[in-house]
Amino acid sequence: MRILSGVQPSGKLHVGNYFGAIRQFVDLQHKGSGLYFIADLHALTTVRDAAKLRELTRDVVITFLALGLDPERATLFKQSDVPEVSELSWILSTVTPMGLLERAHSFKDKVAHGISPDHGLFAYPVLMAADILIYRSDVVPVGKDQKQHLEITRDIAVKFNQTYCPGFDPSTGKGGVLKLPDAMIMEDTAIVPGIDGQKMSKSYNNTIELFAPDKETQKRIMSIKTDSTPVEAPKDPEKCTVYALLKLFATPEELAIIRDQYLRGGVGYGDFKKQLVQLFMRQFGEARRRQAELMKNADYVDEVLARGAERARKIASELMDEVRKVTGLR
Ligand code: ADP
Ligand code: TRP
């Protein structure tokens, strides 16, 4: 089974990215051959500063490694190191109906937020389809927000196969050059809230970063928004952002004690936040040490990426040979 996913280097990774995505990648690496890439070509739709893009791209690889993706098991690489993906993206765009892209929620949302769309943003799902199809991926673990992109990927693959593969049977997916992938939607991961209680997201400036300095992490956690219930009074855990975050880090036994403290009163939000700081450090302490080491070891990171690119390119070239043949490019 081939598992593939990508993360855009569009900002510093945070607690939401870990529980919503990267933790699954780490767990899945024992289930099949995993390919995980940094979607730097996709990030060009939002990051327009060369130094920043380079820095954020490195941050993502280092984050993958520090959190436990093993480069001996999984292939870690940079999207743009496999130029074939851009070629496939063009070829796929010639069989992609405009309407399919016009219906994309992510595109419509951005336009609704007043972003003046360029062709890159419009064509974003086609490049994503190329990412997935070029490695003959079986399973793509992604957050709910990416579900429609996976459906578009399947639609594009069907279109291509129907156009170029006479023996293709859309009901079974057999007989095509492009394999139809399945999404693995991480439904059960609740949306991780940010320090203001909304969904934690780079775009809302409400994140708790995984690798910020200790002091800053502490400051972020201590500034989580809470209501004004006094220390002595009982508190409703289900309405509290601090509790929602504690849930992610505490063992069931620890959580039972914390819950009891909420319901009985006598413990203030400041104390719950301090517990959260401690549990955050327990969970990520080891990864944070590894991250600090990796930041000093640029050669090793380059070497991981070079090896990953080589492996990924080999798989991509095989598929592209077939694509070029059936389309008449070769
Ligand atoms: P952001 O919203 O910070 O820009 P991305 O869209 O780059 O994050 O998300 C990368 C991955 O992390 C996706 O798989 C997404 O589903 C997951 N993710 C991001 N934020 C959260 C969150 N608050 N809770 C759960 N998962 C999240
Ligand atoms: N669009 C994804 C996101 O924003 C990133 C991505 C690009 C991706 N290409 C992919 C994810 C291919 C899975 C497979 O999170």
# chains A, B, ... in the order shown; residues from 1 in each chain; ligands from 1
>>> residues_around(residues="Val26 of chain A", least_positions_apart="3", cutoff="12 Å", atoms="only C-alpha atoms", output="list in words")
Ile3, Ser5, Tyr18, Phe19, Gly20, Ala21, Ile22, Arg23, Gln29, His30, Lys31, Gly32, Ser33, Gly34, Leu35, Tyr36, Thr63, Phe64, Leu65, Ala66, Leu67, Gly68, Leu69, Asp70, Pro71, Arg73, Ala74 and Pro141 of chain A
>>> residues_near_ligand(ligand="ligand 1", cutoff="10 Å", atoms="only C-alpha atoms and all ligand atoms", output="PyMOL selection string")
chain A and resi 5-24+39+43+141-147+185-194+198-207
>>> closest_residue(among="A:Arg154, A:Lys247, A:Arg282, A:His149", to="ligand 2", atoms="only C-alpha atoms and all ligand atoms")
A:His149
>>> residues_around(residues="Lys225 of chain A", least_positions_apart="3", cutoff="7 Å", atoms="only C-alpha atoms", output="tab-separated table (two decimals) with all heavy atoms, in the first residue's frame")
chain	number	residue	atom	x	y	z
A	195	ILE	N	-5.58	29.78	20.59
A	195	ILE	CA	-5.62	30.47	21.88
A	195	ILE	C	-6.82	31.42	22.01
A	195	ILE	O	-7.14	31.86	23.10
A	195	ILE	CB	-4.30	31.23	22.18
A	195	ILE	CG1	-4.01	32.28	21.11
A	195	ILE	CG2	-3.13	30.26	22.29
A	195	ILE	CD1	-2.86	33.20	21.50
A	196	ASP	N	-7.48	31.71	20.89
A	196	ASP	CA	-8.68	32.56	20.97
A	196	ASP	C	-9.97	31.73	20.91
A	196	ASP	O	-11.06	32.28	20.87
A	196	ASP	CB	-8.68	33.58	19.82
A	196	ASP	CG	-8.63	32.91	18.45
A	196	ASP	OD1	-8.55	31.65	18.39
A	196	ASP	OD2	-8.68	33.62	17.43
A	197	GLY	N	-9.83	30.40	20.86
A	197	GLY	CA	-11.01	29.54	20.84
A	197	GLY	C	-11.51	29.16	19.45
A	197	GLY	O	-12.25	28.22	19.28
>>> closest_residue(among="A:Pro234, A:Phe122, A:Thr251, A:Thr153", to="Lys110 of chain A", atoms="only C-alpha atoms")
A:Phe122
>>> residues_around(residues="Asp40 of chain A", least_positions_apart="3", cutoff="12 Å", atoms="only C-alpha atoms", output="number ranges by chain")
A: 6-11, 37, 43-48, 50, 52-61, 77-83, 127-128, 131
>>> select_by_dssp(residues="segment 123-292 of chain A", states="strand (DSSP E or B)", output="list in words")
Val139, Val140, Pro141, Val142, Asp169, Lys174, Asp182, Ala183, Met184, Ile185, Pro193, Lys199 and Glu209 of chain A
>>> write_last_selection(atoms="all heavy atoms", output="compact mmCIF listing (two decimals), in the first residue's frame")
# COMPACT_ATOMS: atom_id res chain seq x y z
N VAL A 139 -3.54 5.55 -0.84
CA VAL A 139 -4.25 6.20 0.25
C VAL A 139 -3.62 7.56 0.53
O VAL A 139 -2.40 7.69 0.57
CB VAL A 139 -4.14 5.34 1.53
CG1 VAL A 139 -4.84 6.04 2.68
CG2 VAL A 139 -4.74 3.98 1.31
N VAL A 140 -4.48 8.56 0.71
CA VAL A 140 -3.99 9.91 0.99
C VAL A 140 -4.61 10.42 2.30
O VAL A 140 -5.79 10.79 2.32
CB VAL A 140 -4.36 10.86 -0.18
CG1 VAL A 140 -3.75 12.25 0.04
CG2 VAL A 140 -3.89 10.29 -1.52
N PRO A 141 -3.85 10.39 3.39
CA PRO A 141 -4.38 10.92 4.66
C PRO A 141 -4.38 12.44 4.66
O PRO A 141 -3.34 13.06 4.48
CB PRO A 141 -3.41 10.38 5.73
CG PRO A 141 -2.15 10.04 5.00
CD PRO A 141 -2.48 9.86 3.55
N VAL A 142 -5.57 13.02 4.84
CA VAL A 142 -5.69 14.48 4.85
C VAL A 142 -6.79 14.91 5.82
O VAL A 142 -7.62 14.11 6.22
CB VAL A 142 -6.08 15.04 3.45
CG1 VAL A 142 -4.90 15.09 2.50
CG2 VAL A 142 -7.24 14.29 2.85
N ASP A 169 -12.16 0.72 -17.18
CA ASP A 169 -13.52 0.52 -16.68
C ASP A 169 -13.73 1.40 -15.45
O ASP A 169 -13.21 1.10 -14.38
CB ASP A 169 -13.70 -0.97 -16.31
CG ASP A 169 -15.06 -1.25 -15.70
OD1 ASP A 169 -15.86 -0.29 -15.52
OD2 ASP A 169 -15.32 -2.43 -15.38
N LYS A 174 -10.20 -0.24 -13.04
CA LYS A 174 -9.13 -1.07 -13.65
C LYS A 174 -8.90 -0.67 -15.12
O LYS A 174 -9.78 -0.15 -15.78
CB LYS A 174 -9.54 -2.55 -13.59
CG LYS A 174 -9.68 -3.09 -12.18
CD LYS A 174 -8.60 -4.10 -11.90
CE LYS A 174 -8.46 -4.61 -10.47
NZ LYS A 174 -9.24 -4.13 -9.39
N ASP A 182 -7.67 6.61 -2.78
CA ASP A 182 -8.70 6.80 -1.75
C ASP A 182 -8.22 7.82 -0.74
O ASP A 182 -7.06 7.78 -0.33
CB ASP A 182 -8.97 5.48 -1.01
CG ASP A 182 -9.76 4.53 -1.89
OD1 ASP A 182 -10.75 4.99 -2.49
OD2 ASP A 182 -9.37 3.35 -1.99
N ALA A 183 -9.13 8.68 -0.32
CA ALA A 183 -8.78 9.62 0.75
C ALA A 183 -8.89 8.88 2.08
O ALA A 183 -9.68 7.96 2.21
CB ALA A 183 -9.77 10.78 0.75
N MET A 184 -8.04 9.24 3.03
CA MET A 184 -8.22 8.75 4.38
C MET A 184 -8.47 10.01 5.20
O MET A 184 -7.54 10.76 5.51
CB MET A 184 -6.95 8.05 4.85
CG MET A 184 -7.02 7.56 6.27
SD MET A 184 -5.41 7.00 6.84
CE MET A 184 -5.46 5.32 6.31
N ILE A 185 -9.75 10.28 5.41
CA ILE A 185 -10.10 11.54 6.07
C ILE A 185 -10.01 11.36 7.58
O ILE A 185 -10.60 10.43 8.12
CB ILE A 185 -11.53 12.01 5.68
CG1 ILE A 185 -11.67 12.09 4.16
CG2 ILE A 185 -11.87 13.33 6.35
CD1 ILE A 185 -10.92 13.20 3.49
N PRO A 193 -8.57 23.78 18.87
CA PRO A 193 -8.80 25.22 18.97
C PRO A 193 -7.51 25.99 19.21
O PRO A 193 -6.57 25.47 19.82
CB PRO A 193 -9.74 25.36 20.18
CG PRO A 193 -9.42 24.18 21.03
CD PRO A 193 -8.96 23.08 20.11
N LYS A 199 -10.76 27.80 15.42
CA LYS A 199 -9.88 26.77 14.88
C LYS A 199 -8.43 27.28 14.86
O LYS A 199 -8.18 28.39 14.40
CB LYS A 199 -10.31 26.42 13.45
CG LYS A 199 -9.36 25.45 12.77
CD LYS A 199 -9.53 25.38 11.26
CE LYS A 199 -8.26 24.90 10.67
NZ LYS A 199 -7.80 24.48 9.59
N GLU A 209 2.82 27.26 18.46
CA GLU A 209 3.80 26.61 17.57
C GLU A 209 4.46 25.45 18.30
O GLU A 209 4.62 25.47 19.51
CB GLU A 209 4.88 27.62 17.17
CG GLU A 209 4.39 28.64 16.18
CD GLU A 209 5.48 29.67 15.85
OE1 GLU A 209 6.66 29.42 16.16
OE2 GLU A 209 5.12 30.71 15.30
>>> atom_distance(atom1="atom CA of Asp236 of chain A", atom2="atom CA of Ile224 of chain A")
15.8 Å
>>> select_by_dssp(residues="segment 108-213 of chain A", states="alpha helix (DSSP H)", output="PyMOL selection string")
chain A and resi 108-112+119-134+147-164
>>> residues_around(residues="Ala256 of chain A", least_positions_apart="5", cutoff="12 Å", atoms="only C-alpha atoms", output="PyMOL selection string")
chain A and resi 237+243+246-247+250-251+261-263
>>> write_last_selection(atoms="N, CA, C and O atoms", output="PDB file, in the first residue's frame")
ATOM      1  N   PRO A 237     -15.953  22.394  31.945  1.00  0.00           N
ATOM      2  CA  PRO A 237     -14.799  22.005  31.102  1.00  0.00           C
ATOM      3  C   PRO A 237     -15.140  22.033  29.613  1.00  0.00           C
ATOM      4  O   PRO A 237     -14.295  22.391  28.798  1.00  0.00           O
ATOM      5  N   TYR A 243      -9.220  23.405  28.524  1.00  0.00           N
ATOM      6  CA  TYR A 243      -9.583  21.995  28.729  1.00  0.00           C
ATOM      7  C   TYR A 243      -9.522  21.217  27.409  1.00  0.00           C
ATOM      8  O   TYR A 243      -9.023  20.093  27.356  1.00  0.00           O
ATOM      9  N   LEU A 246      -6.010  20.483  26.983  1.00  0.00           N
ATOM     10  CA  LEU A 246      -5.534  19.505  27.974  1.00  0.00           C
ATOM     11  C   LEU A 246      -5.920  18.088  27.570  1.00  0.00           C
ATOM     12  O   LEU A 246      -5.155  17.141  27.740  1.00  0.00           O
ATOM     13  N   LYS A 247      -7.121  17.954  27.005  1.00  0.00           N
ATOM     14  CA  LYS A 247      -7.634  16.660  26.554  1.00  0.00           C
ATOM     15  C   LYS A 247      -6.668  15.966  25.587  1.00  0.00           C
ATOM     16  O   LYS A 247      -6.589  14.743  25.542  1.00  0.00           O
ATOM     17  N   ALA A 250      -3.272  15.034  28.033  1.00  0.00           N
ATOM     18  CA  ALA A 250      -3.313  14.296  29.300  1.00  0.00           C
ATOM     19  C   ALA A 250      -3.680  12.828  29.092  1.00  0.00           C
ATOM     20  O   ALA A 250      -4.371  12.494  28.128  1.00  0.00           O
ATOM     21  N   THR A 251      -3.222  11.962  29.980  1.00  0.00           N
ATOM     22  CA  THR A 251      -3.680  10.572  29.968  1.00  0.00           C
ATOM     23  C   THR A 251      -5.115  10.570  30.504  1.00  0.00           C
ATOM     24  O   THR A 251      -5.519  11.530  31.176  1.00  0.00           O
ATOM     25  N   GLN A 261     -11.410  18.761  39.058  1.00  0.00           N
ATOM     26  CA  GLN A 261     -11.010  20.093  39.548  1.00  0.00           C
ATOM     27  C   GLN A 261     -11.870  21.190  38.913  1.00  0.00           C
ATOM     28  O   GLN A 261     -12.252  22.150  39.569  1.00  0.00           O
ATOM     29  N   TYR A 262     -12.185  21.023  37.628  1.00  0.00           N
ATOM     30  CA  TYR A 262     -13.061  22.000  36.959  1.00  0.00           C
ATOM     31  C   TYR A 262     -14.427  22.012  37.646  1.00  0.00           C
ATOM     32  O   TYR A 262     -14.955  23.057  37.991  1.00  0.00           O
ATOM     33  N   LEU A 263     -14.984  20.815  37.823  1.00  0.00           N
ATOM     34  CA  LEU A 263     -16.362  20.724  38.299  1.00  0.00           C
ATOM     35  C   LEU A 263     -16.507  21.154  39.753  1.00  0.00           C
ATOM     36  O   LEU A 263     -17.548  21.682  40.144  1.00  0.00           O
TER      37      LEU A 263
END
>>> atom_distance(atom1="atom CA of Thr96 of chain A", atom2="atom CA of Ile156 of chain A")
6.0 Å
>>> closest_residue(among="A:Ser137, A:Gln275, A:Thr226, A:Ser116", to="ligand 2", atoms="only C-alpha atoms and all ligand atoms")
A:Ser137
>>> residues_around(residues="Leu92 of chain A", least_positions_apart="4", cutoff="9 Å", atoms="only C-alpha atoms", output="compact mmCIF listing (two decimals) with all heavy atoms, in the first residue's frame")
# COMPACT_ATOMS: atom_id res chain seq x y z
N GLU A 87 4.90 18.76 -15.20
CA GLU A 87 4.54 18.30 -16.55
C GLU A 87 3.19 17.56 -16.50
O GLU A 87 2.30 17.82 -17.31
CB GLU A 87 5.64 17.38 -17.08
CG GLU A 87 5.36 16.87 -18.48
CD GLU A 87 6.40 15.85 -18.96
OE1 GLU A 87 7.42 15.63 -18.27
OE2 GLU A 87 6.15 15.24 -20.02
N LEU A 88 3.07 16.66 -15.51
CA LEU A 88 1.80 15.92 -15.41
C LEU A 88 0.65 16.88 -15.13
O LEU A 88 -0.45 16.72 -15.66
CB LEU A 88 1.88 14.85 -14.33
CG LEU A 88 0.60 14.00 -14.18
CD1 LEU A 88 0.28 13.24 -15.47
CD2 LEU A 88 0.70 13.01 -13.01
N THR A 96 -9.22 18.51 -17.70
CA THR A 96 -9.98 18.96 -16.53
C THR A 96 -11.03 19.99 -16.92
O THR A 96 -10.69 21.07 -17.41
CB THR A 96 -9.04 19.60 -15.48
OG1 THR A 96 -8.02 18.66 -15.15
CG2 THR A 96 -9.79 19.99 -14.21
N VAL A 126 -5.43 20.86 -9.60
CA VAL A 126 -4.85 20.03 -10.68
C VAL A 126 -3.43 19.63 -10.31
O VAL A 126 -3.02 18.48 -10.50
CB VAL A 126 -4.85 20.79 -12.03
CG1 VAL A 126 -4.36 19.88 -13.15
CG2 VAL A 126 -6.25 21.33 -12.34
N LEU A 127 -2.68 20.57 -9.75
CA LEU A 127 -1.33 20.24 -9.29
C LEU A 127 -1.40 19.21 -8.17
O LEU A 127 -0.60 18.27 -8.11
CB LEU A 127 -0.61 21.52 -8.82
CG LEU A 127 0.81 21.34 -8.29
CD1 LEU A 127 1.73 20.70 -9.33
CD2 LEU A 127 1.40 22.68 -7.84
N ALA A 129 -3.71 16.97 -7.81
CA ALA A 129 -4.03 15.69 -8.45
C ALA A 129 -2.75 15.07 -9.02
O ALA A 129 -2.51 13.86 -8.88
CB ALA A 129 -5.07 15.90 -9.55
N ALA A 130 -1.92 15.90 -9.65
CA ALA A 130 -0.68 15.40 -10.22
C ALA A 130 0.22 14.82 -9.12
O ALA A 130 0.81 13.74 -9.27
CB ALA A 130 0.06 16.51 -10.98
N ILE A 156 -10.46 13.71 -12.17
CA ILE A 156 -9.47 13.99 -13.21
C ILE A 156 -8.84 12.68 -13.70
O ILE A 156 -8.65 12.49 -14.91
CB ILE A 156 -8.38 14.97 -12.69
CG1 ILE A 156 -9.00 16.34 -12.39
CG2 ILE A 156 -7.24 15.10 -13.70
CD1 ILE A 156 -8.02 17.35 -11.78
N ALA A 157 -8.55 11.78 -12.77
CA ALA A 157 -7.94 10.50 -13.16
C ALA A 157 -8.89 9.71 -14.07
O ALA A 157 -8.47 9.14 -15.09
CB ALA A 157 -7.59 9.68 -11.91
N LYS A 159 -11.26 10.95 -16.02
CA LYS A 159 -11.29 11.66 -17.31
C LYS A 159 -10.08 11.28 -18.18
O LYS A 159 -10.20 11.01 -19.38
CB LYS A 159 -11.22 13.18 -17.06
CG LYS A 159 -12.55 13.82 -17.00
CD LYS A 159 -12.98 14.14 -18.40
CE LYS A 159 -14.16 15.09 -18.39
NZ LYS A 159 -14.99 14.90 -19.55
N PHE A 160 -8.91 11.29 -17.55
CA PHE A 160 -7.69 10.98 -18.29
C PHE A 160 -7.75 9.54 -18.81
O PHE A 160 -7.51 9.27 -19.99
CB PHE A 160 -6.45 11.16 -17.40
CG PHE A 160 -5.16 10.82 -18.12
CD1 PHE A 160 -4.45 11.81 -18.78
CD2 PHE A 160 -4.68 9.51 -18.16
CE1 PHE A 160 -3.27 11.51 -19.47
CE2 PHE A 160 -3.52 9.20 -18.84
CZ PHE A 160 -2.81 10.20 -19.50
>>> closest_residue(among="A:Val277, A:Ala309, A:Asp138, A:Ile258", to="Lys215 of chain A", atoms="only C-alpha atoms")
A:Val277
>>> closest_residue(among="A:Leu248, A:Ala212, A:Ala51, A:Ile91", to="Thr327 of chain A", atoms="only C-alpha atoms")
A:Ile91
>>> decode(residues="segment 137-225 of chain A", atoms="C-alpha atoms", output="PDB file, in the first residue's frame")
ATOM      1  CA  SER A 137      -0.869   6.513  -4.413  1.00  0.00           C
ATOM      2  CA  ASP A 138      -3.396   4.172  -2.818  1.00  0.00           C
ATOM      3  CA  VAL A 139      -4.246   6.201   0.249  1.00  0.00           C
ATOM      4  CA  VAL A 140      -3.993   9.911   0.985  1.00  0.00           C
ATOM      5  CA  PRO A 141      -4.381  10.916   4.655  1.00  0.00           C
ATOM      6  CA  VAL A 142      -5.692  14.483   4.846  1.00  0.00           C
ATOM      7  CA  GLY A 143      -7.843  16.753   6.974  1.00  0.00           C
ATOM      8  CA  LYS A 144     -11.539  17.246   6.215  1.00  0.00           C
ATOM      9  CA  ASP A 145     -10.794  20.488   4.399  1.00  0.00           C
ATOM     10  CA  GLN A 146      -9.018  18.501   1.650  1.00  0.00           C
ATOM     11  CA  LYS A 147     -11.807  16.010   0.981  1.00  0.00           C
ATOM     12  CA  GLN A 148     -13.091  17.783  -2.114  1.00  0.00           C
ATOM     13  CA  HIS A 149      -9.577  18.000  -3.560  1.00  0.00           C
ATOM     14  CA  LEU A 150      -9.393  14.217  -3.382  1.00  0.00           C
ATOM     15  CA  GLU A 151     -12.732  13.892  -5.179  1.00  0.00           C
ATOM     16  CA  ILE A 152     -11.448  16.231  -7.875  1.00  0.00           C
ATOM     17  CA  THR A 153      -8.315  14.087  -8.146  1.00  0.00           C
ATOM     18  CA  ARG A 154     -10.398  10.983  -8.785  1.00  0.00           C
ATOM     19  CA  ASP A 155     -12.550  12.813 -11.340  1.00  0.00           C
ATOM     20  CA  ILE A 156      -9.471  13.989 -13.214  1.00  0.00           C
ATOM     21  CA  ALA A 157      -7.944  10.499 -13.157  1.00  0.00           C
ATOM     22  CA  VAL A 158     -11.167   9.013 -14.559  1.00  0.00           C
ATOM     23  CA  LYS A 159     -11.286  11.656 -17.312  1.00  0.00           C
ATOM     24  CA  PHE A 160      -7.689  10.982 -18.289  1.00  0.00           C
ATOM     25  CA  ASN A 161      -8.150   7.207 -18.317  1.00  0.00           C
ATOM     26  CA  GLN A 162     -11.374   7.477 -20.325  1.00  0.00           C
ATOM     27  CA  THR A 163      -9.645   9.691 -22.854  1.00  0.00           C
ATOM     28  CA  TYR A 164      -6.452   7.688 -23.303  1.00  0.00           C
ATOM     29  CA  CYS A 165      -6.943   4.115 -22.064  1.00  0.00           C
ATOM     30  CA  PRO A 166      -9.406   2.116 -24.244  1.00  0.00           C
ATOM     31  CA  GLY A 167      -9.655  -0.753 -21.724  1.00  0.00           C
ATOM     32  CA  PHE A 168     -10.486   1.477 -18.760  1.00  0.00           C
ATOM     33  CA  ASP A 169     -13.518   0.516 -16.680  1.00  0.00           C
ATOM     34  CA  PRO A 170     -14.650   3.424 -14.506  1.00  0.00           C
ATOM     35  CA  SER A 171     -16.768   1.196 -12.260  1.00  0.00           C
ATOM     36  CA  THR A 172     -13.762  -0.836 -11.090  1.00  0.00           C
ATOM     37  CA  GLY A 173     -11.030   1.700 -11.823  1.00  0.00           C
ATOM     38  CA  LYS A 174      -9.135  -1.066 -13.650  1.00  0.00           C
ATOM     39  CA  GLY A 175      -7.391  -0.776 -16.991  1.00  0.00           C
ATOM     40  CA  GLY A 176      -6.229   2.827 -16.660  1.00  0.00           C
ATOM     41  CA  VAL A 177      -2.769   4.332 -16.542  1.00  0.00           C
ATOM     42  CA  LEU A 178      -3.739   6.443 -13.526  1.00  0.00           C
ATOM     43  CA  LYS A 179      -4.679   4.675 -10.327  1.00  0.00           C
ATOM     44  CA  LEU A 180      -7.719   6.028  -8.477  1.00  0.00           C
ATOM     45  CA  PRO A 181      -6.655   6.975  -4.943  1.00  0.00           C
ATOM     46  CA  ASP A 182      -8.699   6.799  -1.749  1.00  0.00           C
ATOM     47  CA  ALA A 183      -8.785   9.625   0.749  1.00  0.00           C
ATOM     48  CA  MET A 184      -8.219   8.746   4.384  1.00  0.00           C
ATOM     49  CA  ILE A 185     -10.099  11.543   6.070  1.00  0.00           C
ATOM     50  CA  MET A 186      -9.077  12.106   9.619  1.00  0.00           C
ATOM     51  CA  GLU A 187     -12.659  12.663  10.790  1.00  0.00           C
ATOM     52  CA  ASP A 188     -12.158  11.690  14.393  1.00  0.00           C
ATOM     53  CA  THR A 189      -9.502  14.279  15.142  1.00  0.00           C
ATOM     54  CA  ALA A 190     -11.549  17.075  16.581  1.00  0.00           C
ATOM     55  CA  ILE A 191     -10.630  20.506  15.333  1.00  0.00           C
ATOM     56  CA  VAL A 192      -7.898  21.767  17.628  1.00  0.00           C
ATOM     57  CA  PRO A 193      -8.802  25.222  18.970  1.00  0.00           C
ATOM     58  CA  GLY A 194      -6.328  28.095  18.990  1.00  0.00           C
ATOM     59  CA  ILE A 195      -5.624  30.468  21.884  1.00  0.00           C
ATOM     60  CA  ASP A 196      -8.678  32.555  20.966  1.00  0.00           C
ATOM     61  CA  GLY A 197     -11.008  29.536  20.843  1.00  0.00           C
ATOM     62  CA  GLN A 198     -11.422  29.531  17.022  1.00  0.00           C
ATOM     63  CA  LYS A 199      -9.885  26.765  14.882  1.00  0.00           C
ATOM     64  CA  MET A 200      -6.105  26.918  15.343  1.00  0.00           C
ATOM     65  CA  SER A 201      -4.679  28.154  12.051  1.00  0.00           C
ATOM     66  CA  LYS A 202      -1.642  29.991  10.722  1.00  0.00           C
ATOM     67  CA  SER A 203      -4.050  32.383   9.065  1.00  0.00           C
ATOM     68  CA  TYR A 204      -5.680  33.440  12.365  1.00  0.00           C
ATOM     69  CA  ASN A 205      -2.540  34.239  14.351  1.00  0.00           C
ATOM     70  CA  ASN A 206      -3.847  32.057  17.186  1.00  0.00           C
ATOM     71  CA  THR A 207      -1.440  29.129  17.065  1.00  0.00           C
ATOM     72  CA  ILE A 208       0.727  27.425  19.631  1.00  0.00           C
ATOM     73  CA  GLU A 209       3.797  26.611  17.574  1.00  0.00           C
ATOM     74  CA  LEU A 210       5.507  23.282  18.089  1.00  0.00           C
ATOM     75  CA  PHE A 211       9.013  24.690  18.159  1.00  0.00           C
ATOM     76  CA  ALA A 212       8.888  28.223  19.510  1.00  0.00           C
ATOM     77  CA  PRO A 213      11.321  29.005  22.378  1.00  0.00           C
ATOM     78  CA  ASP A 214      10.137  27.858  25.848  1.00  0.00           C
ATOM     79  CA  LYS A 215       9.348  31.385  27.045  1.00  0.00           C
ATOM     80  CA  GLU A 216       7.230  32.180  24.013  1.00  0.00           C
ATOM     81  CA  THR A 217       5.361  28.873  24.227  1.00  0.00           C
ATOM     82  CA  GLN A 218       4.604  29.580  27.850  1.00  0.00           C
ATOM     83  CA  LYS A 219       3.413  33.071  27.034  1.00  0.00           C
ATOM     84  CA  ARG A 220       1.119  31.791  24.273  1.00  0.00           C
ATOM     85  CA  ILE A 221      -0.410  29.145  26.535  1.00  0.00           C
ATOM     86  CA  MET A 222      -0.839  31.587  29.435  1.00  0.00           C
ATOM     87  CA  SER A 223      -2.691  33.951  27.082  1.00  0.00           C
ATOM     88  CA  ILE A 224      -5.403  31.452  26.069  1.00  0.00           C
ATOM     89  CA  LYS A 225      -8.752  33.198  26.288  1.00  0.00           C
TER      90      LYS A 225
END
